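Next up, my_file_27.csv (CSV, C-alpha atoms):
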```
chain,number,residue,atom,x,y,z
A,39,MET,CA,-21.2,0.0,23.5
A,40,CYS,CA,-18.1,-0.8,25.6
A,41,ALA,CA,-16.1,-1.4,22.6
A,42,ARG,CA,-17.0,1.9,21.0
A,43,TYR,CA,-16.3,3.7,24.2
A,44,ALA,CA,-12.9,2.0,24.4
A,45,LYS,CA,-12.1,3.1,20.8
A,46,ASP,CA,-13.3,6.7,21.4
A,47,ASN,CA,-11.1,6.8,24.6
A,48,GLU,CA,-8.1,5.4,22.7
A,49,ARG,CA,-8.6,8.0,20.0
A,50,ILE,CA,-8.8,10.9,22.5
A,51,ARG,CA,-5.6,9.6,24.3
A,52,ALA,CA,-3.7,9.4,21.0
A,53,LYS,CA,-4.9,12.9,20.0
A,54,THR,CA,-3.9,14.4,23.4
A,55,LYS,CA,-0.5,12.6,23.3
A,56,LYS,CA,0.2,14.0,19.8
A,57,LEU,CA,-0.8,17.4,21.0
A,58,LEU,CA,1.7,17.2,23.9
A,59,LEU,CA,4.5,15.9,21.7
A,60,ASP,CA,3.9,18.6,19.1
A,61,SER,CA,3.9,21.2,21.8
A,62,ALA,CA,7.1,19.7,23.3
A,63,LEU,CA,8.8,20.0,20.0
A,64,LYS,CA,7.9,23.7,19.8
A,65,VAL,CA,9.1,24.4,23.4
A,66,PHE,CA,12.4,22.5,23.0
A,67,ALA,CA,13.1,24.1,19.6
A,68,ARG,CA,12.4,27.5,21.0
A,69,LEU,CA,14.0,27.3,24.5
A,70,GLY,CA,16.3,24.3,24.3
A,71,ILE,CA,16.3,20.9,26.0
A,72,HIS,CA,17.5,22.1,29.4
A,73,ALA,CA,15.1,25.0,29.7
A,74,GLY,CA,12.0,23.1,28.4
A,75,SER,CA,9.8,21.6,31.1
A,76,ILE,CA,6.6,19.7,31.4
A,77,ALA,CA,4.9,22.7,32.9
A,78,LEU,CA,5.9,24.8,29.8
A,79,ILE,CA,4.9,22.0,27.5
A,80,ALA,CA,1.5,21.8,29.2
A,81,LYS,CA,1.0,25.5,28.9
A,82,GLU,CA,1.9,25.4,25.2
A,83,ALA,CA,-0.6,22.6,24.6
A,84,GLY,CA,-3.3,24.4,26.6
A,85,VAL,CA,-3.7,21.6,29.1
A,86,SER,CA,-3.1,21.2,32.8
A,87,LYS,CA,0.3,20.1,34.1
A,88,GLY,CA,-1.4,17.2,35.9
A,89,LEU,CA,-2.8,15.9,32.6
A,90,ALA,CA,0.6,16.2,31.0
A,91,TYR,CA,2.1,14.1,33.8
A,92,HIS,CA,-0.7,11.6,33.2
A,93,TYR,CA,0.8,10.9,29.8
A,94,PHE,CA,4.5,11.4,30.5
A,95,SER,CA,6.0,10.8,33.9
A,96,SER,CA,9.2,12.8,33.1
A,97,LYS,CA,10.8,15.1,30.5
A,98,GLU,CA,13.0,12.2,29.5
A,99,ASP,CA,9.9,10.2,28.5
A,100,ILE,CA,8.9,13.0,26.2
A,101,LEU,CA,12.4,13.2,24.7
A,102,VAL,CA,12.5,9.5,24.1
A,103,ASP,CA,9.1,9.5,22.4
A,104,LEU,CA,10.2,12.5,20.2
A,105,ALA,CA,13.4,10.7,19.3
A,106,VAL,CA,11.5,7.5,18.4
A,107,ALA,CA,9.1,9.5,16.2
A,108,ARG,CA,12.1,10.9,14.4
A,109,LEU,CA,13.6,7.5,13.8
A,110,ASP,CA,10.2,6.3,12.6
A,111,GLU,CA,10.7,8.5,9.6
A,112,TRP,CA,13.8,6.5,8.6
A,113,ALA,CA,11.4,3.8,7.4
A,114,ALA,CA,10.8,5.9,4.2
A,115,LEU,CA,14.5,6.5,3.7
A,116,ILE,CA,15.3,2.8,4.1
A,117,LYS,CA,12.4,1.8,1.7
A,118,GLY,CA,13.7,4.3,-0.9
A,119,LEU,CA,17.3,3.1,-0.7
A,120,GLU,CA,16.2,-0.5,-1.0
A,121,SER,CA,14.2,0.3,-4.2
A,122,LEU,CA,17.3,1.5,-6.1
A,123,ASN,CA,20.1,-0.6,-7.5
A,124,ASP,CA,22.5,2.0,-8.8
A,125,PRO,CA,24.8,3.1,-5.9
A,126,PHE,CA,25.1,6.7,-7.2
A,127,GLN,CA,21.3,7.0,-7.4
A,128,ARG,CA,21.1,5.6,-3.8
A,129,LEU,CA,23.7,8.2,-2.6
A,130,GLU,CA,21.7,11.0,-4.3
A,131,PHE,CA,18.5,9.7,-2.7
A,132,LEU,CA,20.1,9.6,0.8
A,133,VAL,CA,21.5,13.2,0.5
A,134,ASP,CA,18.3,14.5,-1.0
A,135,PHE,CA,16.2,12.9,1.8
A,136,VAL,CA,18.3,14.5,4.5
A,137,LEU,CA,18.4,17.9,2.9
A,138,ASN,CA,14.7,18.0,2.0
A,139,GLU,CA,14.0,17.2,5.7
A,140,LEU,CA,16.0,20.3,6.6
A,141,LYS,CA,13.9,22.5,4.3
A,142,GLN,CA,10.6,21.1,5.6
A,143,LYS,CA,11.3,20.5,9.3
A,144,LYS,CA,13.5,23.2,10.7
A,145,GLU,CA,11.9,22.8,14.2
A,146,TRP,CA,12.9,19.2,14.1
A,147,LEU,CA,16.5,20.2,13.2
A,148,ARG,CA,16.7,22.6,16.2
A,149,PHE,CA,15.3,19.9,18.5
A,150,TYR,CA,17.5,17.1,17.2
A,151,THR,CA,20.6,19.3,17.4
A,152,GLY,CA,19.7,20.0,21.0
A,153,LEU,CA,19.4,16.3,21.7
A,154,TYR,CA,23.0,15.7,20.6
A,155,LEU,CA,24.3,18.6,22.7
A,156,THR,CA,22.8,17.6,26.1
A,157,HIS,CA,23.3,14.7,28.4
A,158,ASP,CA,19.5,14.1,28.7
A,159,GLY,CA,19.2,14.3,25.0
A,160,GLN,CA,22.0,11.8,24.4
A,161,ARG,CA,20.3,9.4,26.8
A,162,ALA,CA,17.0,9.8,24.9
A,163,ILE,CA,18.7,9.1,21.6
A,164,SER,CA,20.4,5.9,23.0
A,165,LYS,CA,17.0,4.6,24.3
A,166,ALA,CA,15.3,5.5,21.0
A,167,MET,CA,18.1,3.7,19.1
A,168,GLU,CA,17.7,0.7,21.3
A,169,ILE,CA,14.0,0.6,20.4
A,170,HIS,CA,14.7,0.9,16.7
A,171,ARG,CA,18.0,-1.0,16.8
A,172,GLU,CA,17.1,-3.2,13.8
A,173,ARG,CA,16.1,-0.2,11.7
A,174,PHE,CA,19.2,1.8,12.8
A,175,GLU,CA,21.5,-1.1,11.9
A,176,ARG,CA,19.8,-1.6,8.5
A,177,LEU,CA,20.3,2.1,7.6
A,178,PHE,CA,24.0,1.9,8.6
A,179,SER,CA,24.4,-1.3,6.5
A,180,LEU,CA,22.7,0.4,3.5
A,181,GLU,CA,25.1,3.4,3.8
A,182,ARG,CA,28.1,1.2,3.9
A,183,GLY,CA,26.8,-0.8,0.9
A,184,ILE,CA,26.5,2.4,-1.1
A,185,LEU,CA,30.0,3.5,-0.4
A,186,LYS,CA,31.4,0.0,-1.1
A,187,ASP,CA,29.6,-0.2,-4.4
A,188,LEU,CA,31.0,3.3,-5.3
A,189,GLY,CA,34.5,1.8,-4.9
A,190,VAL,CA,35.4,3.6,-1.7
A,191,ALA,CA,38.5,2.0,-0.2
A,192,GLU,CA,38.0,2.7,3.5
A,193,VAL,CA,34.2,2.3,3.9
A,194,GLU,CA,33.9,2.9,7.6
A,195,ALA,CA,36.0,6.0,7.6
A,196,GLU,CA,34.1,7.3,4.6
A,197,GLN,CA,30.8,6.7,6.3
A,198,ILE,CA,31.9,8.8,9.3
A,199,TYR,CA,33.1,11.5,6.9
A,200,LEU,CA,29.8,11.6,4.9
A,201,ARG,CA,27.7,11.7,8.1
A,202,SER,CA,30.0,14.5,9.4
A,203,ILE,CA,29.5,16.5,6.2
A,204,LEU,CA,25.7,16.1,6.4
A,205,GLN,CA,25.6,17.0,10.1
A,206,GLY,CA,27.8,20.1,9.4
A,207,ILE,CA,25.4,21.2,6.6
A,208,CYS,CA,22.5,20.7,9.0
A,209,LEU,CA,24.1,22.8,11.7
A,210,GLU,CA,25.1,25.6,9.3
A,211,TYR,CA,21.6,25.6,7.8
A,212,MET,CA,20.1,26.0,11.2
A,213,LEU,CA,22.3,28.9,12.1
A,214,SER,CA,22.0,30.9,8.8
A,215,ASP,CA,19.0,32.4,7.1
A,216,ASP,CA,20.6,32.4,3.7
A,217,TYR,CA,22.7,29.2,3.8
A,218,PRO,CA,23.3,27.9,0.1
A,219,LEU,CA,21.8,24.5,0.7
A,220,ASP,CA,21.3,23.7,-3.0
A,221,VAL,CA,24.9,24.7,-3.8
A,222,MET,CA,26.3,22.5,-1.0
A,223,ARG,CA,24.1,19.6,-2.2
A,224,LYS,CA,25.6,20.0,-5.7
A,225,ARG,CA,29.2,20.1,-4.4
A,226,LEU,CA,28.7,17.1,-2.2
A,227,ILE,CA,27.2,15.0,-5.0
A,228,GLN,CA,29.9,16.2,-7.5
A,229,SER,CA,32.7,15.2,-5.1
A,230,TYR,CA,31.5,11.6,-5.4
A,231,GLU,CA,30.9,11.9,-9.2
A,232,LYS,CA,34.6,13.0,-9.6
A,233,ARG,CA,35.8,10.2,-7.4
A,234,GLU,CA,33.7,7.6,-9.3
A,235,SER,CA,35.0,8.9,-12.6
A,236,GLU,CA,38.6,8.7,-11.4
A,237,GLU,CA,38.1,5.1,-10.2
A,238,LYS,CA,36.8,4.1,-13.7
A,239,LYS,CA,39.9,5.6,-15.3
A,240,HIS,CA,42.1,3.4,-13.2
A,241,GLU,CA,40.2,0.2,-14.0
```
Go through the file and emit its structure as structure tokens.
Amino acid sequence: MCARYAKDNERIRAKTKKLLLDSALKVFARLGIHAGSIALIAKEAGVSKGLAYHYFSSKEDILVDLAVARLDEWAALIKGLESLNDPFQRLEFLVDFVLNELKQKKEWLRFYTGLYLTHDGQRAISKAMEIHRERFERLFSLERGILKDLGVAEVEAEQIYLRSILQGICLEYMLSDDYPLDVMRKRLIQSYEKRESEEKKHE
């Protein structure tokens, strides 16, 4: 009886916490990190402010949990990259994973952009990255491996460049209702196709 009660209680807590996090994402995406508050999140979730504080002692705790949830999704990206051997296929998988996320999760994009642009958000990202340090480092290592296998000379600089391109696409997509995402995807992939072709000519 006690065990069943404990399981039911745990299920209710998990459901309520998810409701609060989903509501927080909506509030932060709509109003921004600075304007969002636990009171507004509680209102969005349809619960009391006191109950919200029972689950999260501060807005930063919510930001960290949301950032951790975002990094949790990297597990699928890492698994996909590790399943492929051809570096160009891995590059395509990486780009497609990021761009498909944009299409499916625009609220996440608005929220995550806000994280990078605020002091509180940057602190939350740092804490989330510390929690997922091993996963974060693995993804960075896989990215560098892709670029190295593609024959890129300055791997670290190219990794920064590639990430900057993808972040720029994310930002432009968020700001525009008719951003040519598929066209940009094609141009990005083709830029590496041309580079790979030129490298083979000089071999």
Selected residue of minimal separation from A:Ser202 among A:Gly118, A:Ile79, A:Leu226, A:Ile100, counting only C-alpha atoms: A:Leu226
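Between A:Ala195 and the residues A:Lys55, A:Arg182, A:Arg171, A:Lys117, the shortest atom-to-atom distance, using all atoms listed in the file, involves A:Arg182.
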Using all atoms listed in the file, which protein or nucleic acid residues come within 8 Å of stretch 154-160 of chain A? Drop anything in the same chain fewer than 4 positions from it, and give the result as a VMD selection string. chain A and resid 71 to 72 98 101 150 164
How would the residues just chosen look if you wrote them out with C-alpha atoms as a PDB file, keeping the file's coordinate frame?
```
ATOM      1  CA  ILE A  71      16.300  20.900  26.000  1.00  0.00           C
ATOM      2  CA  HIS A  72      17.500  22.100  29.400  1.00  0.00           C
ATOM      3  CA  GLU A  98      13.000  12.200  29.500  1.00  0.00           C
ATOM      4  CA  LEU A 101      12.400  13.200  24.700  1.00  0.00           C
ATOM      5  CA  TYR A 150      17.500  17.100  17.200  1.00  0.00           C
ATOM      6  CA  SER A 164      20.400   5.900  23.000  1.00  0.00           C
TER       7      SER A 164
END
```
Atom pair atom CA of A:Ser214 + atom CA of A:Leu147, distance 12.8 Å
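For the pair atom CA of A:Gln205 and atom CA of A:Gly189, the interatomic distance is 23.1 Å.
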Contacts of stretch 209-213 of chain A at 8 Å (only C-alpha atoms; same-chain gap of 5+ positions) as an NGL selection string: :A and (140 or 144 or 147-148 or 151 or 219)
Only C-alpha atoms, please: the residues just picked out, written as an mmCIF file, keeping the file's coordinate frame.
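The resulting file, again01.cif, is reproduced below:
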```cif
data_model
loop_
_atom_site.group_PDB
_atom_site.id
_atom_site.type_symbol
_atom_site.label_atom_id
_atom_site.label_comp_id
_atom_site.auth_asym_id
_atom_site.auth_seq_id
_atom_site.Cartn_x
_atom_site.Cartn_y
_atom_site.Cartn_z
ATOM 1 C CA LEU A 140 16.000 20.300 6.600
ATOM 2 C CA LYS A 144 13.500 23.200 10.700
ATOM 3 C CA LEU A 147 16.500 20.200 13.200
ATOM 4 C CA ARG A 148 16.700 22.600 16.200
ATOM 5 C CA THR A 151 20.600 19.300 17.400
ATOM 6 C CA LEU A 219 21.800 24.500 0.700
#
```
Smallest atom-to-atom distance to A:Lys224: which of A:Leu59, A:Val133, A:Ala166, A:Ile198, using all atoms listed in the file? A:Val133
Quick one, how far is atom CA of A:Leu78 from atom CA of A:Tyr93? 14.8 Å
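Ranking A:Leu89, A:Leu69, A:Leu119, A:Ala113 by their shortest atom-to-atom distance to A:His170, with all atoms listed in the file included, puts A:Ala113 first.
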Could you give me, as number ranges by chain, the residues within 12 Å of A:Phe178, counting only C-alpha atoms and dropping anything in the same chain fewer than 3 positions from it? A: 112, 115-116, 119, 132, 171-175, 181-185, 193-194, 197-198, 200-201
Pick from A:Asn47, A:Asn138, A:Ser75, A:Asn123: nearest to A:Ser96, with all atoms listed in the file counted? A:Ser75
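Proximity to A:Glu139 was assessed for A:Ala67, A:Leu204, A:Ala162, A:Val102 counting all atoms listed in the file; the smallest distance is recorded for A:Leu204.
With only C-alpha atoms taken into account, the protein and nucleic acid residues at most 9 Å from A:Arg223 (excluding it and anything under 5 positions from it in its own chain) are Val133, Asp134, Leu137, Pro218 and Gln228 of chain A.
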Quick one: residues within 10 Å of (1.5, 21.5, 26.6) (file frame), counting only C-alpha atoms, please, as an MDAnalysis selection string. chainID A and resid 54:55 57:65 75:87 89:90
